[in-house]
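Take a look at the structure below.
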Amino acid sequence: MNTYDQLCDKLIGLGAHKAAVVRVSEIPFAPELRDLCASNQCGNYGKNWTCPPLVGDVHTLMEKVKGYAYALVYQTVGKLEDSFDIEGMRRAKETYLAVTDRMTPVVKAAIPSMDFQLAGGGCTICPVCACQTNEPCRHPDRALSSLEAHGIFVSELAKVAGMNYINGANTVTYFGAYFFQEEAQSKGE
């Protein structure tokens, strides 16, 4: 088993449904996805530092991502009562964020060059984002922007990573990714 497989197994043990390492050059980008953000379905457009348009120009953000060699992609899958279970979706997002919090130190220890990560959806650390009160981000070391805000076509990324974008009826799937340059370090495990 290679170091990446060991790390992915560790992340699954911490709550990820699946995890895989892909080359950034294989990640599909679609800058037009940002147009969906402008429709403001989630209510965060222009109201969150990590969401469009405040997060920055999509082409600049895509170039930042493309500057990395690898991405460790992971997903969580939450169960819902039905497709209208908004409370279940909220709980699944909270679980996803808790899993991400558990995994991040493990990834940082295994991959010293990992210095950038993206999540599913905009940051939800603060009940009201500081941008709404004309303040800088209160938690810049923890705030995570979304894969889509960076122009990543997540349903196609799932295919590249060997994952399902939809994991069955009455489920909600969240994706995240850690970006890095070098190979993972084996810790003799």
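Identifiers for the structure tokens are assigned positionally: chains receive A, B, ... in sequence, residues are indexed from 1 per chain, and ligands are indexed from 1 in the order shown.
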
Test item: residues at most 12 Å from range 79-95 of chain A, only C-alpha atoms, excluding those fewer than 3 positions along its chain, as a PDB file with N, CA and C atoms, in the first residue's frame:
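New file part03.pdb:
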ATOM      1  N   LEU A  14     -11.403   8.606   9.884  1.00  0.00           N
ATOM      2  CA  LEU A  14     -11.788   9.830  10.592  1.00  0.00           C
ATOM      3  C   LEU A  14     -13.158  10.348  10.165  1.00  0.00           C
ATOM      4  N   GLY A  15     -13.806   9.635   9.235  1.00  0.00           N
ATOM      5  CA  GLY A  15     -15.170  10.005   8.866  1.00  0.00           C
ATOM      6  C   GLY A  15     -15.425  10.332   7.410  1.00  0.00           C
ATOM      7  N   ALA A  16     -14.393  10.383   6.592  1.00  0.00           N
ATOM      8  CA  ALA A  16     -14.632  10.596   5.156  1.00  0.00           C
ATOM      9  C   ALA A  16     -15.299   9.354   4.588  1.00  0.00           C
ATOM     10  N   HIS A  17     -16.172   9.549   3.626  1.00  0.00           N
ATOM     11  CA  HIS A  17     -16.792   8.398   2.943  1.00  0.00           C
ATOM     12  C   HIS A  17     -15.780   7.778   1.988  1.00  0.00           C
ATOM     13  N   GLN A  75     -14.819  13.112   0.398  1.00  0.00           N
ATOM     14  CA  GLN A  75     -16.249  13.366   0.432  1.00  0.00           C
ATOM     15  C   GLN A  75     -16.841  12.783   1.704  1.00  0.00           C
ATOM     16  N   THR A  76     -17.949  13.375   2.130  1.00  0.00           N
ATOM     17  CA  THR A  76     -18.776  12.798   3.178  1.00  0.00           C
ATOM     18  C   THR A  76     -20.170  12.629   2.596  1.00  0.00           C
ATOM     19  N   ALA A  98     -17.034  18.918  10.744  1.00  0.00           N
ATOM     20  CA  ALA A  98     -16.354  18.261  11.866  1.00  0.00           C
ATOM     21  C   ALA A  98     -15.332  17.249  11.346  1.00  0.00           C
ATOM     22  N   VAL A  99     -15.702  16.499  10.314  1.00  0.00           N
ATOM     23  CA  VAL A  99     -14.772  15.543   9.705  1.00  0.00           C
ATOM     24  C   VAL A  99     -13.574  16.298   9.130  1.00  0.00           C
ATOM     25  N   THR A 100     -13.830  17.403   8.448  1.00  0.00           N
ATOM     26  CA  THR A 100     -12.748  18.214   7.885  1.00  0.00           C
ATOM     27  C   THR A 100     -11.815  18.700   8.989  1.00  0.00           C
ATOM     28  N   ASP A 101     -12.376  19.161  10.094  1.00  0.00           N
ATOM     29  CA  ASP A 101     -11.546  19.628  11.218  1.00  0.00           C
ATOM     30  C   ASP A 101     -10.668  18.504  11.773  1.00  0.00           C
ATOM     31  N   ARG A 102     -11.195  17.279  11.827  1.00  0.00           N
ATOM     32  CA  ARG A 102     -10.402  16.141  12.322  1.00  0.00           C
ATOM     33  C   ARG A 102      -9.302  15.753  11.329  1.00  0.00           C
ATOM     34  N   ALA A 119     -13.426  23.744   0.341  1.00  0.00           N
ATOM     35  CA  ALA A 119     -14.493  22.955   0.937  1.00  0.00           C
ATOM     36  C   ALA A 119     -15.742  22.970   0.070  1.00  0.00           C
ATOM     37  N   GLY A 120     -16.765  22.340   0.589  1.00  0.00           N
ATOM     38  CA  GLY A 120     -18.068  22.349  -0.057  1.00  0.00           C
ATOM     39  C   GLY A 120     -18.883  23.509   0.477  1.00  0.00           C
ATOM     40  N   GLY A 121     -19.175  24.464  -0.367  1.00  0.00           N
ATOM     41  CA  GLY A 121     -19.942  25.629   0.054  1.00  0.00           C
ATOM     42  C   GLY A 121     -19.074  26.669   0.715  1.00  0.00           C
ATOM     43  N   GLY A 122     -19.670  27.813   0.998  1.00  0.00           N
ATOM     44  CA  GLY A 122     -18.940  28.905   1.629  1.00  0.00           C
ATOM     45  C   GLY A 122     -18.701  28.655   3.104  1.00  0.00           C
ATOM     46  N   CYS A 123     -17.857  29.463   3.677  1.00  0.00           N
ATOM     47  CA  CYS A 123     -17.505  29.356   5.085  1.00  0.00           C
ATOM     48  C   CYS A 123     -18.728  29.641   5.959  1.00  0.00           C
ATOM     49  N   THR A 124     -18.849  28.862   7.031  1.00  0.00           N
ATOM     50  CA  THR A 124     -19.969  29.039   7.961  1.00  0.00           C
ATOM     51  C   THR A 124     -19.492  29.151   9.411  1.00  0.00           C
ATOM     52  N   ILE A 125     -18.221  29.504   9.597  1.00  0.00           N
ATOM     53  CA  ILE A 125     -17.679  29.593  10.962  1.00  0.00           C
ATOM     54  C   ILE A 125     -18.433  30.627  11.787  1.00  0.00           C
ATOM     55  N   ILE A 166     -23.387  11.731  -6.732  1.00  0.00           N
ATOM     56  CA  ILE A 166     -24.656  11.431  -6.066  1.00  0.00           C
ATOM     57  C   ILE A 166     -24.524  10.018  -5.505  1.00  0.00           C
ATOM     58  N   ASN A 167     -24.812   9.881  -4.232  1.00  0.00           N
ATOM     59  CA  ASN A 167     -24.605   8.599  -3.549  1.00  0.00           C
ATOM     60  C   ASN A 167     -25.912   7.938  -3.128  1.00  0.00           C
ATOM     61  N   GLY A 168     -26.914   8.028  -3.981  1.00  0.00           N
ATOM     62  CA  GLY A 168     -28.182   7.356  -3.735  1.00  0.00           C
ATOM     63  C   GLY A 168     -29.273   8.316  -3.322  1.00  0.00           C
ATOM     64  N   ALA A 169     -30.490   7.790  -3.358  1.00  0.00           N
ATOM     65  CA  ALA A 169     -31.656   8.579  -2.947  1.00  0.00           C
ATOM     66  C   ALA A 169     -31.518   8.973  -1.487  1.00  0.00           C
ATOM     67  N   ASN A 170     -32.041  10.136  -1.175  1.00  0.00           N
ATOM     68  CA  ASN A 170     -32.071  10.634   0.204  1.00  0.00           C
ATOM     69  C   ASN A 170     -30.702  10.705   0.845  1.00  0.00           C
ATOM     70  N   THR A 171     -29.735  11.195   0.069  1.00  0.00           N
ATOM     71  CA  THR A 171     -28.398  11.480   0.605  1.00  0.00           C
ATOM     72  C   THR A 171     -27.967  12.856   0.127  1.00  0.00           C
ATOM     73  N   VAL A 172     -27.018  13.423   0.827  1.00  0.00           N
ATOM     74  CA  VAL A 172     -26.367  14.657   0.396  1.00  0.00           C
ATOM     75  C   VAL A 172     -24.860  14.428   0.541  1.00  0.00           C
ATOM     76  N   THR A 173     -24.124  14.790  -0.497  1.00  0.00           N
ATOM     77  CA  THR A 173     -22.685  14.547  -0.525  1.00  0.00           C
ATOM     78  C   THR A 173     -21.946  15.878  -0.530  1.00  0.00           C
ATOM     79  N   TYR A 174     -20.955  15.991   0.348  1.00  0.00           N
ATOM     80  CA  TYR A 174     -20.105  17.175   0.396  1.00  0.00           C
ATOM     81  C   TYR A 174     -18.682  16.779   0.030  1.00  0.00           C
ATOM     82  N   PHE A 175     -18.021  17.634  -0.745  1.00  0.00           N
ATOM     83  CA  PHE A 175     -16.650  17.400  -1.179  1.00  0.00           C
ATOM     84  C   PHE A 175     -15.735  18.464  -0.619  1.00  0.00           C
ATOM     85  N   GLY A 176     -14.470  18.111  -0.457  1.00  0.00           N
ATOM     86  CA  GLY A 176     -13.421  19.044  -0.091  1.00  0.00           C
ATOM     87  C   GLY A 176     -12.127  18.566  -0.714  1.00  0.00           C
TER      88      GLY A 176
END

| Selection: 9 Å around Ala38 in chain A, only C-alpha atoms, excl. self and same-chain fewer than 6 positions, as an MDAnalysis selection string | chainID A and resid 45:46 52:53

Please produce a file of the residues just selected, as a short mmCIF file (atom, residue, chain, number, x, y, z; two decimals), in the first residue's frame, where the atoms kept are N, CA and C atoms.
data_model
loop_
_atom_site.label_atom_id
_atom_site.label_comp_id
_atom_site.auth_asym_id
_atom_site.auth_seq_id
_atom_site.Cartn_x
_atom_site.Cartn_y
_atom_site.Cartn_z
N TYR A 45 -24.17 35.29 -1.71
CA TYR A 45 -23.50 36.06 -2.76
C TYR A 45 -23.31 37.50 -2.29
N GLY A 46 -22.05 37.92 -2.20
CA GLY A 46 -21.73 39.26 -1.74
C GLY A 46 -21.88 39.46 -0.25
N PRO A 52 -18.30 34.25 -3.90
CA PRO A 52 -18.28 35.29 -4.94
C PRO A 52 -19.21 36.44 -4.56
N PRO A 53 -18.96 37.60 -5.04
CA PRO A 53 -17.77 38.01 -5.78
C PRO A 53 -16.59 38.39 -4.89
#

| task | Quick one: pick out all strand (DSSP E or B) residues within range 39-139 of chain A from a backbone DSSP run and write them as an NGL selection string. | result | :A and (70-79 or 116-119)

| task | Using DSSP on the backbone coordinates, identify all residues within chain A classified as alpha helix (DSSP H); present the result as a PyMOL selection string. | result | chain A and resi 3-13+34-38+58-66+86-110+154-160

| request: Would you list the contacts of range 57-63 of chain A as a PyMOL selection string, taking every protein, DNA or RNA residue within 7 Å and counting only C-alpha atoms, but skipping same-chain residues closer than 5 positions in sequence? | output: chain A and resi 31+149-151

| request: Name the residues in contact with Lys47 in chain A at a cut-off of 7 Å, using only C-alpha atoms, excluding same-chain residues fewer than 5 positions from it; report them as a PyMOL selection string. | output: chain A and resi 129+131-132

Any chance you could export the current selection's N, CA, C and O atoms as an mmCIF file, in the first residue's frame?
data_model
loop_
_atom_site.group_PDB
_atom_site.id
_atom_site.type_symbol
_atom_site.label_atom_id
_atom_site.label_comp_id
_atom_site.auth_asym_id
_atom_site.auth_seq_id
_atom_site.Cartn_x
_atom_site.Cartn_y
_atom_site.Cartn_z
ATOM 1 N N CYS A 129 -21.056 36.766 8.640
ATOM 2 C CA CYS A 129 -19.706 37.034 8.139
ATOM 3 C C CYS A 129 -19.307 38.482 8.409
ATOM 4 O O CYS A 129 -20.126 39.402 8.287
ATOM 5 N N CYS A 131 -17.738 40.477 6.691
ATOM 6 C CA CYS A 131 -17.863 41.384 5.551
ATOM 7 C C CYS A 131 -19.156 42.187 5.635
ATOM 8 O O CYS A 131 -19.225 43.308 5.130
ATOM 9 N N GLN A 132 -20.157 41.642 6.301
ATOM 10 C CA GLN A 132 -21.439 42.334 6.401
ATOM 11 C C GLN A 132 -21.393 43.512 7.367
ATOM 12 O O GLN A 132 -22.284 44.362 7.367
#

| Quick one: distance from CA of Ala161 in chain A to CA of Ser146 in chain A in Å, one decimal? | 17.4 Å

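Each of A:Val154, A:Phe180, A:Val160, A:Cys137 was compared to Asn48 in chain A using only C-alpha atoms, and A:Cys137 turns out to be the nearest.
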
| Which residue of A:Met163, A:Val22, A:Leu36, A:Leu72 approaches Ala110 in chain A most closely, using only C-alpha atoms |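 Between A:Met163, A:Val22, A:Leu36, A:Leu72, the residue approaching Ala110 in chain A most closely is A:Leu72.
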
| query | How many Å lie between CA of Tyr165 in chain A and CA of Leu11 in chain A, rounded to one decimal? | reply | 18.4 Å

| field | Between CA of Ser39 in chain A and CA of Val128 in chain A - distance in Å to one decimal | value |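 So the answer is 20.1 Å.
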